[in-house]
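J.: The structure file my_file_11.cif (mmCIF, C-alpha atoms and all ligand atoms) is provided below.
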data_data
loop_
_atom_site.label_atom_id
_atom_site.label_comp_id
_atom_site.auth_asym_id
_atom_site.auth_seq_id
_atom_site.Cartn_x
_atom_site.Cartn_y
_atom_site.Cartn_z
CA MET A 224 17.84 3.78 -54.28
CA ALA A 225 20.96 3.44 -56.41
CA TRP A 226 24.48 3.17 -55.12
CA LYS A 227 27.80 2.27 -56.65
CA THR A 228 29.59 -0.96 -55.83
CA LEU A 229 33.22 -2.04 -55.98
CA ASP A 230 32.56 -2.98 -59.61
CA ASP A 231 31.72 0.58 -60.62
CA ILE A 232 34.90 2.39 -59.59
CA ASP A 233 38.44 1.81 -60.88
CA LEU A 234 40.43 0.69 -57.85
CA ASN A 235 43.71 -0.12 -59.55
CA GLN A 236 46.61 1.59 -57.75
CA LYS A 237 44.06 3.44 -55.60
CA ILE A 238 44.04 3.86 -51.83
CA VAL A 239 40.57 2.67 -50.77
CA LEU A 240 39.33 4.01 -47.44
CA THR A 241 37.09 1.20 -46.25
CA ARG A 242 34.69 1.75 -43.35
CA VAL A 243 34.11 -1.61 -41.68
CA ASP A 244 32.38 -2.90 -38.57
CA ILE A 245 34.95 -4.85 -36.57
CA ASN A 246 33.42 -3.96 -33.23
CA VAL A 247 33.95 -7.55 -32.14
CA PRO A 248 33.36 -9.01 -28.67
CA MET A 249 36.48 -9.64 -26.57
CA GLU A 250 37.13 -12.01 -23.70
CA ALA A 251 40.35 -11.69 -21.68
CA GLY A 252 41.91 -9.50 -24.37
CA VAL A 253 41.16 -11.94 -27.19
CA VAL A 254 38.46 -11.71 -29.87
CA SER A 255 35.76 -14.21 -28.90
CA ASP A 256 33.60 -14.11 -32.04
CA TYR A 257 35.02 -13.63 -35.55
CA THR A 258 31.67 -13.21 -37.36
CA ARG A 259 32.04 -9.51 -38.10
CA ILE A 260 35.56 -9.99 -39.43
CA GLU A 261 34.52 -12.93 -41.57
CA ARG A 262 31.76 -10.85 -43.10
CA ILE A 263 34.09 -8.07 -44.35
CA LYS A 264 36.60 -10.48 -45.88
CA PRO A 265 34.95 -10.55 -49.35
CA THR A 266 35.20 -6.77 -49.59
CA ILE A 267 38.85 -6.62 -48.62
CA ASP A 268 39.75 -9.55 -50.87
CA ASP A 269 37.98 -7.82 -53.75
CA ILE A 270 39.74 -4.50 -53.21
CA LEU A 271 43.10 -6.28 -53.19
CA ALA A 272 42.19 -8.32 -56.27
CA LYS A 273 41.30 -5.11 -58.12
CA GLY A 274 44.71 -3.63 -57.31
CA GLY A 275 43.52 -1.32 -54.53
CA LYS A 276 45.17 -0.70 -51.16
CA PRO A 277 42.54 -1.04 -48.39
CA VAL A 278 42.79 1.33 -45.43
CA LEU A 279 40.38 0.10 -42.77
CA LEU A 280 38.48 2.69 -40.73
CA ALA A 281 36.43 1.46 -37.79
CA HIS A 282 35.25 2.18 -34.27
CA PHE A 283 35.74 -0.17 -31.36
CA GLY A 284 33.82 0.05 -28.11
CA ARG A 285 32.63 3.37 -26.71
CA PRO A 286 35.76 5.40 -25.92
CA LYS A 287 33.69 8.62 -25.69
CA GLY A 288 36.08 10.71 -27.75
CA GLN A 289 39.22 9.84 -25.76
CA PRO A 290 42.12 7.53 -26.62
CA ASN A 291 41.79 4.40 -24.51
CA PRO A 292 44.28 1.51 -24.76
CA ASP A 293 41.54 -0.99 -23.85
CA MET A 294 39.68 0.05 -26.98
CA SER A 295 42.63 0.24 -29.34
CA LEU A 296 42.05 -1.50 -32.66
CA LYS A 297 45.54 -2.91 -32.22
CA LEU A 298 43.82 -5.51 -30.02
CA VAL A 299 41.82 -6.68 -33.04
CA GLN A 300 44.83 -6.82 -35.38
CA PRO A 301 45.77 -10.49 -34.66
CA ALA A 302 42.20 -11.68 -35.32
CA LEU A 303 42.04 -9.66 -38.54
CA GLU A 304 45.35 -11.15 -39.69
CA LYS A 305 44.10 -14.64 -38.92
CA ILE A 306 40.85 -14.30 -40.86
CA LEU A 307 42.20 -12.20 -43.73
CA GLY A 308 45.21 -14.50 -44.05
CA GLN A 309 47.91 -11.87 -44.27
CA SER A 310 49.80 -9.47 -42.06
CA ILE A 311 48.31 -6.03 -41.52
CA THR A 312 49.99 -2.70 -40.94
CA PHE A 313 48.50 -0.88 -37.95
CA ILE A 314 48.81 2.92 -37.98
CA GLU A 315 47.97 4.99 -34.94
CA ARG A 316 48.25 8.40 -36.63
CA PRO A 317 47.90 7.96 -40.36
CA SER A 318 49.36 10.26 -43.01
CA ARG A 319 48.95 10.12 -46.77
CA GLU A 320 52.70 9.90 -47.17
CA GLU A 321 53.04 6.84 -44.93
CA ILE A 322 50.14 5.05 -46.61
CA GLU A 323 51.50 5.82 -50.08
CA GLY A 324 54.89 4.47 -49.04
CA LEU A 325 53.52 1.01 -48.23
CA PRO A 326 53.47 -1.73 -50.90
CA GLN A 327 50.30 -1.92 -52.99
CA ASN A 328 49.05 -5.23 -51.53
CA THR A 329 49.23 -4.02 -47.92
CA ILE A 330 46.12 -3.92 -45.72
CA ILE A 331 46.25 -0.96 -43.37
CA LEU A 332 44.31 -0.67 -40.13
CA VAL A 333 43.87 2.80 -38.67
CA GLU A 334 43.30 3.42 -34.94
CA ASN A 335 39.75 3.64 -33.52
CA THR A 336 37.91 6.51 -35.25
CA ARG A 337 36.05 7.29 -32.02
CA PHE A 338 39.21 8.28 -30.13
CA THR A 339 38.11 11.82 -30.99
CA ASN A 340 34.68 13.45 -30.66
CA MET A 341 35.19 14.85 -34.13
CA GLU A 342 34.08 11.45 -35.45
CA THR A 343 30.67 11.33 -33.76
CA GLU A 344 30.14 15.06 -34.33
CA ASN A 345 30.67 14.46 -38.04
CA ASN A 346 33.23 17.23 -37.94
CA PRO A 347 33.97 18.50 -41.49
CA GLN A 348 37.69 18.83 -40.72
CA MET A 349 37.90 15.20 -39.71
CA ALA A 350 36.01 14.18 -42.84
CA GLN A 351 38.45 16.29 -44.91
CA PHE A 352 41.41 14.70 -43.16
CA LEU A 353 40.10 11.18 -43.77
CA ALA A 354 39.41 12.02 -47.42
CA SER A 355 42.99 13.28 -47.81
CA LEU A 356 44.24 9.79 -46.92
CA GLY A 357 42.56 7.97 -49.80
CA ASP A 358 41.36 8.08 -53.40
CA VAL A 359 38.11 6.12 -53.06
CA TYR A 360 35.69 5.58 -50.15
CA CYS A 361 34.00 2.25 -49.63
CA ASN A 362 31.42 1.78 -46.87
CA ASP A 363 30.97 -1.81 -45.73
CA ALA A 364 29.56 -1.02 -42.30
CA PHE A 365 25.78 -1.17 -42.75
CA SER A 366 25.46 -1.63 -38.99
CA ALA A 367 26.92 1.86 -38.45
CA ALA A 368 25.02 3.48 -41.34
CA HIS A 369 22.28 4.89 -39.10
CA ARG A 370 24.90 7.22 -37.61
CA ALA A 371 26.02 10.36 -39.45
CA HIS A 372 29.66 10.28 -38.37
CA ALA A 373 32.77 11.58 -40.13
CA SER A 374 33.86 8.09 -41.21
CA THR A 375 30.37 6.88 -42.16
CA GLU A 376 28.83 9.97 -43.75
CA GLY A 377 31.03 13.08 -43.92
CA VAL A 378 33.86 11.50 -45.88
CA ALA A 379 31.47 9.78 -48.31
CA HIS A 380 30.68 13.16 -49.90
CA LEU A 381 34.32 14.00 -50.49
CA LEU A 382 35.54 11.02 -52.53
CA PRO A 383 34.12 8.71 -55.18
CA ALA A 384 32.06 6.45 -52.91
CA CYS A 385 30.70 2.94 -53.12
CA ALA A 386 29.14 0.16 -51.05
CA GLY A 387 31.26 -2.82 -50.01
CA ARG A 388 30.04 -6.37 -50.54
CA LEU A 389 28.46 -6.77 -47.09
CA MET A 390 26.70 -3.40 -47.37
CA GLN A 391 25.52 -4.41 -50.85
CA GLN A 392 24.15 -7.69 -49.48
CA GLU A 393 22.32 -5.97 -46.60
CA LEU A 394 20.83 -3.33 -48.85
CA SER A 395 19.64 -5.82 -51.47
CA ALA A 396 18.05 -8.00 -48.78
CA LEU A 397 16.27 -5.05 -47.19
CA GLU A 398 15.13 -3.63 -50.51
CA SER A 399 13.68 -6.99 -51.51
CA ALA A 400 11.91 -7.29 -48.15
CA LEU A 401 10.40 -3.86 -47.79
CA SER A 402 11.04 -1.42 -50.64
CA THR A 403 10.19 -3.56 -53.66
CA PRO A 404 8.88 -6.79 -52.16
CA LYS A 405 7.06 -9.65 -53.79
CA ARG A 406 3.55 -9.56 -52.32
CA PRO A 407 1.85 -10.53 -50.12
CA VAL A 408 4.27 -9.39 -47.42
CA VAL A 409 3.96 -10.51 -43.82
CA ALA A 410 5.81 -8.78 -41.00
CA VAL A 411 6.33 -10.34 -37.60
CA VAL A 412 6.91 -7.87 -34.80
CA GLY A 413 7.43 -9.30 -31.37
CA GLY A 414 9.41 -8.50 -28.28
CA ALA A 415 8.77 -6.90 -24.99
CA LYS A 416 7.19 -3.51 -25.47
CA VAL A 417 5.13 -1.49 -27.89
CA SER A 418 6.82 1.71 -26.67
CA THR A 419 10.19 0.73 -28.16
CA LYS A 420 8.67 -0.24 -31.50
CA LEU A 421 6.06 2.44 -32.18
CA ASP A 422 7.79 3.85 -35.26
CA LEU A 423 8.26 0.34 -36.54
CA LEU A 424 4.61 -0.63 -36.16
CA GLU A 425 3.39 2.64 -37.65
CA ASN A 426 5.58 2.21 -40.72
CA LEU A 427 4.82 -1.46 -41.23
CA VAL A 428 1.03 -1.24 -41.08
CA ARG A 429 1.20 1.04 -44.11
CA LYS A 430 3.53 -1.21 -46.07
CA VAL A 431 2.74 -4.86 -45.39
CA ASP A 432 -0.30 -7.04 -46.04
CA HIS A 433 -0.26 -8.95 -42.74
CA LEU A 434 1.27 -7.90 -39.45
CA VAL A 435 1.74 -10.58 -36.82
CA ILE A 436 2.08 -9.01 -33.40
CA GLY A 437 3.58 -11.24 -30.74
CA GLY A 438 5.46 -11.29 -27.47
CA GLY A 439 4.76 -8.89 -24.65
CA MET A 440 3.58 -6.22 -27.06
CA ALA A 441 0.64 -8.36 -28.15
CA ASN A 442 -0.64 -8.06 -24.56
CA THR A 443 -0.86 -4.29 -24.94
CA PHE A 444 -2.99 -4.72 -28.07
CA LEU A 445 -5.20 -7.35 -26.40
CA ALA A 446 -5.70 -5.10 -23.37
CA ALA A 447 -6.55 -2.17 -25.66
CA GLN A 448 -9.37 -4.33 -27.03
CA GLY A 449 -10.72 -4.81 -23.54
CA VAL A 450 -9.18 -8.23 -22.87
CA SER A 451 -7.95 -8.85 -19.34
CA VAL A 452 -4.28 -9.89 -19.39
CA GLY A 453 -3.76 -10.63 -15.69
CA LYS A 454 -0.19 -10.06 -14.51
CA SER A 455 1.21 -10.02 -18.05
CA LEU A 456 3.80 -7.54 -19.21
CA CYS A 457 1.53 -4.85 -20.66
CA GLU A 458 1.70 -1.12 -21.31
CA HIS A 459 -1.83 -0.12 -20.32
CA ASP A 460 -1.00 3.55 -20.90
CA LEU A 461 -0.49 2.80 -24.60
CA SER A 462 -4.05 1.61 -25.16
CA GLU A 463 -4.97 4.60 -27.29
CA THR A 464 -1.79 4.25 -29.35
CA ALA A 465 -2.50 0.58 -29.93
CA LYS A 466 -6.05 1.41 -31.02
CA LYS A 467 -4.73 4.04 -33.42
CA ILE A 468 -2.33 1.52 -34.97
CA LEU A 469 -5.23 -0.94 -35.42
CA LYS A 470 -7.26 1.78 -37.11
CA VAL A 471 -4.46 2.77 -39.49
CA ALA A 472 -3.93 -0.90 -40.33
CA ASP A 473 -7.61 -1.28 -41.10
CA GLU A 474 -7.57 1.77 -43.38
CA ALA A 475 -4.43 0.56 -45.14
CA GLY A 476 -5.81 -2.95 -45.69
CA CYS A 477 -3.23 -4.56 -43.43
CA GLU A 478 -4.48 -7.62 -41.54
CA ILE A 479 -3.36 -7.54 -37.91
CA VAL A 480 -2.77 -11.02 -36.50
CA LEU A 481 -3.04 -11.14 -32.72
CA PRO A 482 -2.85 -14.46 -30.85
CA ALA A 483 -6.24 -16.19 -30.52
CA ASP A 484 -4.80 -18.29 -27.71
CA VAL A 485 -1.87 -17.86 -25.38
CA VAL A 486 0.33 -19.83 -23.00
CA VAL A 487 0.03 -18.60 -19.43
CA ALA A 488 2.05 -19.27 -16.27
CA LYS A 489 2.09 -17.92 -12.74
CA GLU A 490 5.81 -17.17 -12.77
CA PHE A 491 8.40 -15.97 -15.27
CA ALA A 492 10.68 -18.98 -14.92
CA ALA A 493 11.95 -21.88 -16.99
CA ASN A 494 9.57 -24.84 -16.96
CA ALA A 495 7.02 -22.96 -14.87
CA GLN A 496 3.71 -24.79 -14.79
CA ASN A 497 1.75 -23.50 -17.79
CA LYS A 498 -1.31 -24.01 -19.94
CA ALA A 499 -2.77 -22.76 -23.20
CA VAL A 500 -5.98 -20.76 -22.91
CA ALA A 501 -8.03 -18.54 -25.19
CA ALA A 502 -6.51 -15.05 -25.30
CA HIS A 503 -9.41 -13.62 -23.28
CA GLN A 504 -9.06 -16.22 -20.54
CA CYS A 505 -5.78 -15.27 -18.90
CA PRO A 506 -6.33 -15.81 -15.13
CA ASP A 507 -5.87 -12.72 -12.96
CA ASP A 508 -2.87 -14.24 -11.18
CA ALA A 509 -1.10 -15.48 -14.34
CA MET A 510 0.88 -13.95 -17.16
CA ILE A 511 0.99 -14.54 -20.91
CA LEU A 512 4.43 -15.81 -21.89
CA ASP A 513 3.91 -17.22 -25.37
CA ALA A 514 1.45 -17.59 -28.22
CA GLY A 515 -0.68 -20.74 -28.09
CA PRO A 516 -1.12 -23.61 -30.58
CA GLU A 517 -4.06 -22.01 -32.43
CA ALA A 518 -2.06 -18.81 -32.81
CA ILE A 519 0.88 -20.77 -34.18
CA LYS A 520 -1.40 -22.46 -36.74
CA LYS A 521 -2.71 -19.07 -37.86
CA ILE A 522 0.80 -17.60 -38.17
CA ILE A 523 1.92 -20.58 -40.23
CA SER A 524 -1.08 -20.25 -42.53
CA VAL A 525 -0.24 -16.57 -43.10
CA PHE A 526 3.38 -17.49 -43.88
CA GLU A 527 2.14 -20.09 -46.37
CA LYS A 528 0.19 -17.53 -48.38
CA SER A 529 2.94 -14.89 -48.28
CA GLU A 530 5.83 -14.33 -50.66
CA THR A 531 7.93 -12.18 -48.34
CA LEU A 532 8.51 -12.18 -44.58
CA ILE A 533 10.23 -9.54 -42.52
CA TRP A 534 10.76 -10.37 -38.86
CA ASN A 535 11.82 -8.48 -35.77
CA GLY A 536 11.34 -9.68 -32.21
CA PRO A 537 10.41 -13.00 -30.58
CA LEU A 538 6.82 -14.24 -30.24
CA GLY A 539 7.25 -15.11 -26.58
CA ALA A 540 9.72 -15.17 -23.70
CA PHE A 541 12.04 -17.27 -25.87
CA GLU A 542 14.94 -17.37 -23.40
CA ILE A 543 13.01 -19.61 -21.02
CA GLU A 544 11.59 -22.97 -22.06
CA PRO A 545 8.94 -23.90 -22.99
CA PHE A 546 7.99 -20.31 -23.82
CA ASP A 547 10.16 -20.43 -26.94
CA LYS A 548 7.67 -22.75 -28.68
CA ALA A 549 5.81 -20.24 -30.85
CA THR A 550 9.02 -18.49 -31.92
CA ASN A 551 10.63 -21.84 -32.78
CA ALA A 552 7.61 -23.19 -34.65
CA ALA A 553 7.17 -20.02 -36.71
CA ALA A 554 10.92 -19.84 -37.41
CA ALA A 555 10.97 -23.48 -38.51
CA LYS A 556 8.10 -22.86 -40.94
CA ALA A 557 9.73 -19.71 -42.33
CA ALA A 558 12.98 -21.63 -42.80
CA GLU A 559 11.21 -24.54 -44.51
CA LEU A 560 9.33 -22.26 -46.93
CA SER A 561 12.48 -20.25 -47.65
CA LYS A 562 14.53 -23.36 -48.30
CA ALA A 563 11.91 -24.59 -50.75
CA GLY A 564 12.10 -21.26 -52.58
CA ASN A 565 8.56 -20.26 -51.59
CA LEU A 566 9.35 -17.36 -49.28
CA ILE A 567 11.88 -14.53 -49.07
CA SER A 568 12.61 -14.23 -45.36
CA VAL A 569 14.60 -11.40 -43.86
CA ALA A 570 15.10 -11.02 -40.12
CA GLY A 571 17.18 -8.91 -37.83
CA GLY A 572 17.51 -6.42 -35.01
CA GLY A 573 18.19 -6.84 -31.32
CA ASP A 574 17.16 -10.15 -29.80
CA THR A 575 15.84 -11.52 -33.07
CA VAL A 576 19.14 -12.98 -34.21
CA ALA A 577 19.60 -14.67 -30.81
CA ALA A 578 16.04 -16.03 -30.88
CA LEU A 579 16.36 -17.38 -34.41
CA ASN A 580 19.79 -18.86 -33.74
CA LYS A 581 18.39 -20.56 -30.65
CA SER A 582 15.52 -21.95 -32.73
CA GLY A 583 18.04 -23.72 -34.95
CA SER A 584 16.33 -22.44 -38.12
CA ALA A 585 18.36 -19.31 -38.82
CA GLN A 586 20.56 -20.83 -41.50
CA ASP A 587 17.63 -21.38 -43.86
CA PHE A 588 16.33 -17.82 -43.72
CA THR A 589 17.04 -15.89 -46.90
CA TYR A 590 18.93 -13.23 -44.97
CA ILE A 591 19.62 -12.52 -41.32
CA SER A 592 20.93 -9.05 -40.65
CA THR A 593 23.31 -8.67 -37.75
CA ALA A 594 22.92 -4.90 -37.87
CA GLY A 595 20.73 -4.16 -34.83
CA GLY A 596 19.95 -0.44 -34.79
CA ALA A 597 20.48 0.15 -38.51
CA PHE A 598 18.17 -2.75 -39.43
CA LEU A 599 15.43 -1.41 -37.16
CA GLU A 600 15.74 2.14 -38.48
CA TRP A 601 15.45 0.83 -42.02
CA MET A 602 12.31 -1.11 -41.06
CA GLU A 603 10.99 2.06 -39.45
CA GLY A 604 11.26 3.74 -42.85
CA LYS A 605 14.01 6.13 -41.75
CA THR A 606 16.76 7.36 -44.01
CA LEU A 607 20.13 5.96 -42.99
CA PRO A 608 22.68 8.76 -43.44
CA GLY A 609 25.51 6.36 -44.27
CA VAL A 610 23.44 4.80 -47.05
CA ALA A 611 22.01 8.10 -48.33
CA ALA A 612 25.56 9.49 -48.66
CA LEU A 613 26.46 6.62 -50.98
CA SER A 614 23.61 7.30 -53.34
CA ALA A 615 24.23 11.04 -53.53
P1 LIG B 701 12.78 -6.86 -27.75
O1 LIG B 701 14.18 -6.56 -27.30
O2 LIG B 701 11.84 -5.73 -27.64
O3 LIG B 701 12.75 -7.56 -29.11
O4 LIG B 701 12.19 -7.90 -26.69
C1 LIG B 701 12.72 -9.17 -26.50
C2 LIG B 701 12.34 -9.62 -25.14
O5 LIG B 701 10.94 -9.69 -25.02
C3 LIG B 701 12.88 -11.00 -24.81
O6 LIG B 701 13.74 -10.89 -23.73
C4 LIG B 701 11.63 -11.78 -24.45
O7 LIG B 701 11.82 -12.63 -23.35
C5 LIG B 701 10.64 -10.70 -24.09
N1 LIG B 701 9.26 -11.18 -24.21
C6 LIG B 701 8.68 -11.65 -25.30
N2 LIG B 701 7.41 -12.03 -25.03
C7 LIG B 701 7.19 -11.79 -23.72
C8 LIG B 701 6.07 -11.94 -22.86
N3 LIG B 701 4.92 -12.44 -23.29
N4 LIG B 701 6.20 -11.57 -21.57
C9 LIG B 701 7.39 -11.07 -21.14
N5 LIG B 701 8.47 -10.87 -21.90
C10 LIG B 701 8.37 -11.24 -23.19
#
Using structure tokens, write down the structure from this file.
Ligand code: AMP

T.:
Amino acid sequence: MAWKTLDDIDLNQKIVLTRVDINVPMEAGVVSDYTRIERIKPTIDDILAKGGKPVLLAHFGRPKGQPNPDMSLKLVQPALEKILGQSITFIERPSREEIEGLPQNTIILVENTRFTNMETENNPQMAQFLASLGDVYCNDAFSAAHRAHASTEGVAHLLPACAGRLMQQELSALESALSTPKRPVVAVVGGAKVSTKLDLLENLVRKVDHLVIGGGMANTFLAAQGVSVGKSLCEHDLSETAKKILKVADEAGCEIVLPADVVVAKEFAANAQNKAVAAHQCPDDAMILDAGPEAIKKIISVFEKSETLIWNGPLGAFEIEPFDKATNAAAAKAAELSKAGNLISVAGGGDTVAALNKSGSAQDFTYISTAGGAFLEWMEGKTLPGVAALSA
């Protein structure tokens, strides 16, 4: 897929509508994590350096189409000013005239786009209005690109449009992991349930060479093969679905890696008494909470023969020790191989970032996407409207 970047459009003296994700966490009225703001800084710096006037469009919280002072982007203004290193002009009700009247090196922040339902409905009038405010549209909010909203999709069709630096980075990482990867490709899919990741599994078995299934969802696959999983988290009603996925994988030449051994405990609690047993030996009164040492060895050997890794979901109940062992060991190996230049590793979605951060290996992955839903939809092979609109 081809899309323009900030290098492909003349921004000099232009008003650049810039869709960003600054949906930052707040504690006691103060931004408690600056990551999202830090990640859009290169885009805004670049627009300014190219002589453009950035007008930031963003949502904040879930105001459900109504103005709500607790979700005003004015609350984020001080944090933006701190990270971007200059004062910002906040405008509640923007007009072209007011924006034009501000000096060229001003950064403008517009009030929460979701204070009207017209945003989430992708209302054409709202898209027209937004387009009337600027000369160029830049989308730097990959994490909102799975939504077809007025500020993420509608407006993109009405102005010369391009991807911001963060969007560019996300798209290149995802393309190199799944669209045009160096083979062999291994995918790790873990987490609680098969039911929430059906589309993901169905897409991946057709695209990757090895699929490591871990976490609670591995139990569903083991049970489908007739293995007794005791009190483990397991979706017995998805047996047929699991069997179908195994069949498609077989036809597509995708090796499915299920744990040969597992760590079992009688309770879901930190430091619960536990032991490693063969996958088919889970006692009736115990539950599988992690992959075992043999399974870890196998996963590592698959990583070693792969060129690309794409990862979503933990391999066990990583929040409670020692059931984070398999996730940590696999993450450490992926990080080591990536650092040595032997693996392209891309991870993201939901709990994955938390699990990899907790493992202490995240910094050596090639790319960790913080875009939860959008990352998953990309892995599921779905078209992201915000991205598609850029390549139109
Ligand atoms: P997800 O949001 O689907 O990626 O699932 C992540 C959750 O799955 C985490 O909270 C893990 O604790 C949980 N999980 C992973 N493996 C297991 C398991 N074997 N039994 C119970 N929960 C698990």

J.: Please build the interface table for chain A against ligand LIG 701 (chain B) with a cut-off of 10 Å, listing for each qualifying residue the nearest atom pair and the distance in Å to one decimal; count only C-alpha atoms and all ligand atoms, order rows by chain and increasing number, and write it as JSON lines.

T.:
{"residue": "A:Val412", "atom": "CA", "partner": "B:LIG701", "partner_atom": "O3", "distance": 8.2}
{"residue": "A:Gly413", "atom": "CA", "partner": "B:LIG701", "partner_atom": "O3", "distance": 6.0}
{"residue": "A:Gly414", "atom": "CA", "partner": "B:LIG701", "partner_atom": "O4", "distance": 3.3}
{"residue": "A:Ala415", "atom": "CA", "partner": "B:LIG701", "partner_atom": "O5", "distance": 3.5}
{"residue": "A:Lys416", "atom": "CA", "partner": "B:LIG701", "partner_atom": "O2", "distance": 5.6}
{"residue": "A:Val417", "atom": "CA", "partner": "B:LIG701", "partner_atom": "O2", "distance": 7.9}
{"residue": "A:Ser418", "atom": "CA", "partner": "B:LIG701", "partner_atom": "O2", "distance": 9.0}
{"residue": "A:Thr419", "atom": "CA", "partner": "B:LIG701", "partner_atom": "O2", "distance": 6.7}
{"residue": "A:Lys420", "atom": "CA", "partner": "B:LIG701", "partner_atom": "O2", "distance": 7.4}
{"residue": "A:Gly437", "atom": "CA", "partner": "B:LIG701", "partner_atom": "N2", "distance": 6.9}
{"residue": "A:Gly438", "atom": "CA", "partner": "B:LIG701", "partner_atom": "N2", "distance": 3.2}
{"residue": "A:Gly439", "atom": "CA", "partner": "B:LIG701", "partner_atom": "C8", "distance": 3.8}
{"residue": "A:Met440", "atom": "CA", "partner": "B:LIG701", "partner_atom": "N2", "distance": 7.2}
{"residue": "A:Ala441", "atom": "CA", "partner": "B:LIG701", "partner_atom": "N3", "distance": 7.7}
{"residue": "A:Asn442", "atom": "CA", "partner": "B:LIG701", "partner_atom": "N3", "distance": 7.2}
{"residue": "A:Lys454", "atom": "CA", "partner": "B:LIG701", "partner_atom": "N4", "distance": 9.6}
{"residue": "A:Ser455", "atom": "CA", "partner": "B:LIG701", "partner_atom": "N4", "distance": 6.3}
{"residue": "A:Leu456", "atom": "CA", "partner": "B:LIG701", "partner_atom": "N4", "distance": 5.3}
{"residue": "A:Cys457", "atom": "CA", "partner": "B:LIG701", "partner_atom": "N4", "distance": 8.2}
{"residue": "A:Val485", "atom": "CA", "partner": "B:LIG701", "partner_atom": "N3", "distance": 8.9}
{"residue": "A:Val486", "atom": "CA", "partner": "B:LIG701", "partner_atom": "N3", "distance": 8.7}
{"residue": "A:Val487", "atom": "CA", "partner": "B:LIG701", "partner_atom": "N3", "distance": 8.8}
{"residue": "A:Phe491", "atom": "CA", "partner": "B:LIG701", "partner_atom": "C9", "distance": 7.7}
{"residue": "A:Met510", "atom": "CA", "partner": "B:LIG701", "partner_atom": "N4", "distance": 7.3}
{"residue": "A:Ile511", "atom": "CA", "partner": "B:LIG701", "partner_atom": "N3", "distance": 5.1}
{"residue": "A:Leu512", "atom": "CA", "partner": "B:LIG701", "partner_atom": "N3", "distance": 3.7}
{"residue": "A:Asp513", "atom": "CA", "partner": "B:LIG701", "partner_atom": "N3", "distance": 5.3}
{"residue": "A:Ala514", "atom": "CA", "partner": "B:LIG701", "partner_atom": "N3", "distance": 7.9}
{"residue": "A:Asn535", "atom": "CA", "partner": "B:LIG701", "partner_atom": "O3", "distance": 6.8}
{"residue": "A:Gly536", "atom": "CA", "partner": "B:LIG701", "partner_atom": "O3", "distance": 4.0}
{"residue": "A:Pro537", "atom": "CA", "partner": "B:LIG701", "partner_atom": "C6", "distance": 5.7}
{"residue": "A:Leu538", "atom": "CA", "partner": "B:LIG701", "partner_atom": "N2", "distance": 5.7}
{"residue": "A:Gly539", "atom": "CA", "partner": "B:LIG701", "partner_atom": "N2", "distance": 3.5}
{"residue": "A:Ala540", "atom": "CA", "partner": "B:LIG701", "partner_atom": "O7", "distance": 3.3}
{"residue": "A:Phe541", "atom": "CA", "partner": "B:LIG701", "partner_atom": "O7", "distance": 5.3}
{"residue": "A:Glu542", "atom": "CA", "partner": "B:LIG701", "partner_atom": "O7", "distance": 5.7}
{"residue": "A:Ile543", "atom": "CA", "partner": "B:LIG701", "partner_atom": "O7", "distance": 7.5}
{"residue": "A:Phe546", "atom": "CA", "partner": "B:LIG701", "partner_atom": "N2", "distance": 8.4}
{"residue": "A:Asp547", "atom": "CA", "partner": "B:LIG701", "partner_atom": "O7", "distance": 8.7}
{"residue": "A:Thr550", "atom": "CA", "partner": "B:LIG701", "partner_atom": "C6", "distance": 9.5}
{"residue": "A:Gly571", "atom": "CA", "partner": "B:LIG701", "partner_atom": "O3", "distance": 9.9}
{"residue": "A:Gly572", "atom": "CA", "partner": "B:LIG701", "partner_atom": "O3", "distance": 7.7}
{"residue": "A:Gly573", "atom": "CA", "partner": "B:LIG701", "partner_atom": "O1", "distance": 5.7}
{"residue": "A:Asp574", "atom": "CA", "partner": "B:LIG701", "partner_atom": "O3", "distance": 5.2}
{"residue": "A:Thr575", "atom": "CA", "partner": "B:LIG701", "partner_atom": "O3", "distance": 6.4}
{"residue": "A:Val576", "atom": "CA", "partner": "B:LIG701", "partner_atom": "O3", "distance": 9.8}
{"residue": "A:Ala577", "atom": "CA", "partner": "B:LIG701", "partner_atom": "C3", "distance": 9.7}
{"residue": "A:Ala578", "atom": "CA", "partner": "B:LIG701", "partner_atom": "C3", "distance": 8.5}

J.: List every residue of segment 471-549 of chain A that has an atom at most 10 Å from any atom of segment 583-600 of chain A, giving for each one its closest atom pair and the distance in Å to one decimal, counting all atoms listed in the file, sorted by chain and then by ascending residue number, as JSON lines.

T.:
{"residue": "A:Thr531", "atom": "CA", "partner": "A:Thr589", "partner_atom": "CA", "distance": 9.9}
{"residue": "A:Leu532", "atom": "CA", "partner": "A:Thr589", "partner_atom": "CA", "distance": 9.6}
{"residue": "A:Ile533", "atom": "CA", "partner": "A:Tyr590", "partner_atom": "CA", "distance": 9.8}
{"residue": "A:Trp534", "atom": "CA", "partner": "A:Ile591", "partner_atom": "CA", "distance": 9.4}
{"residue": "A:Asn535", "atom": "CA", "partner": "A:Leu599", "partner_atom": "CA", "distance": 8.1}

J.: I need every residue sitting at most 7 Å from the point (48.4, 3.0, -47.3) (coordinates as in the file, all atoms listed in the file considered), written as a list in words.

T.: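 So the residues meeting the distance criterion are Ile238, Lys276, Val278, Glu321, Ile322, Glu323, Gly324, Leu325 and Ile331 of chain A.
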
J.: With all atoms listed in the file as the basis for distance, which of A:Ser318, A:Met602, A:Leu353, A:Met341 is at the shortest distance from Ala570 of chain A?

T.: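 Closest to Ala570 of chain A, using all atoms listed in the file: A:Met602.
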
J.: Just the number, please: distance in Å from atom CA of Glu544 of chain A to atom CA of Val480 of chain A, one decimal.

T.: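 Spanning atom CA of Glu544 of chain A to atom CA of Val480 of chain A is a straight-line distance of 23.6 Å.
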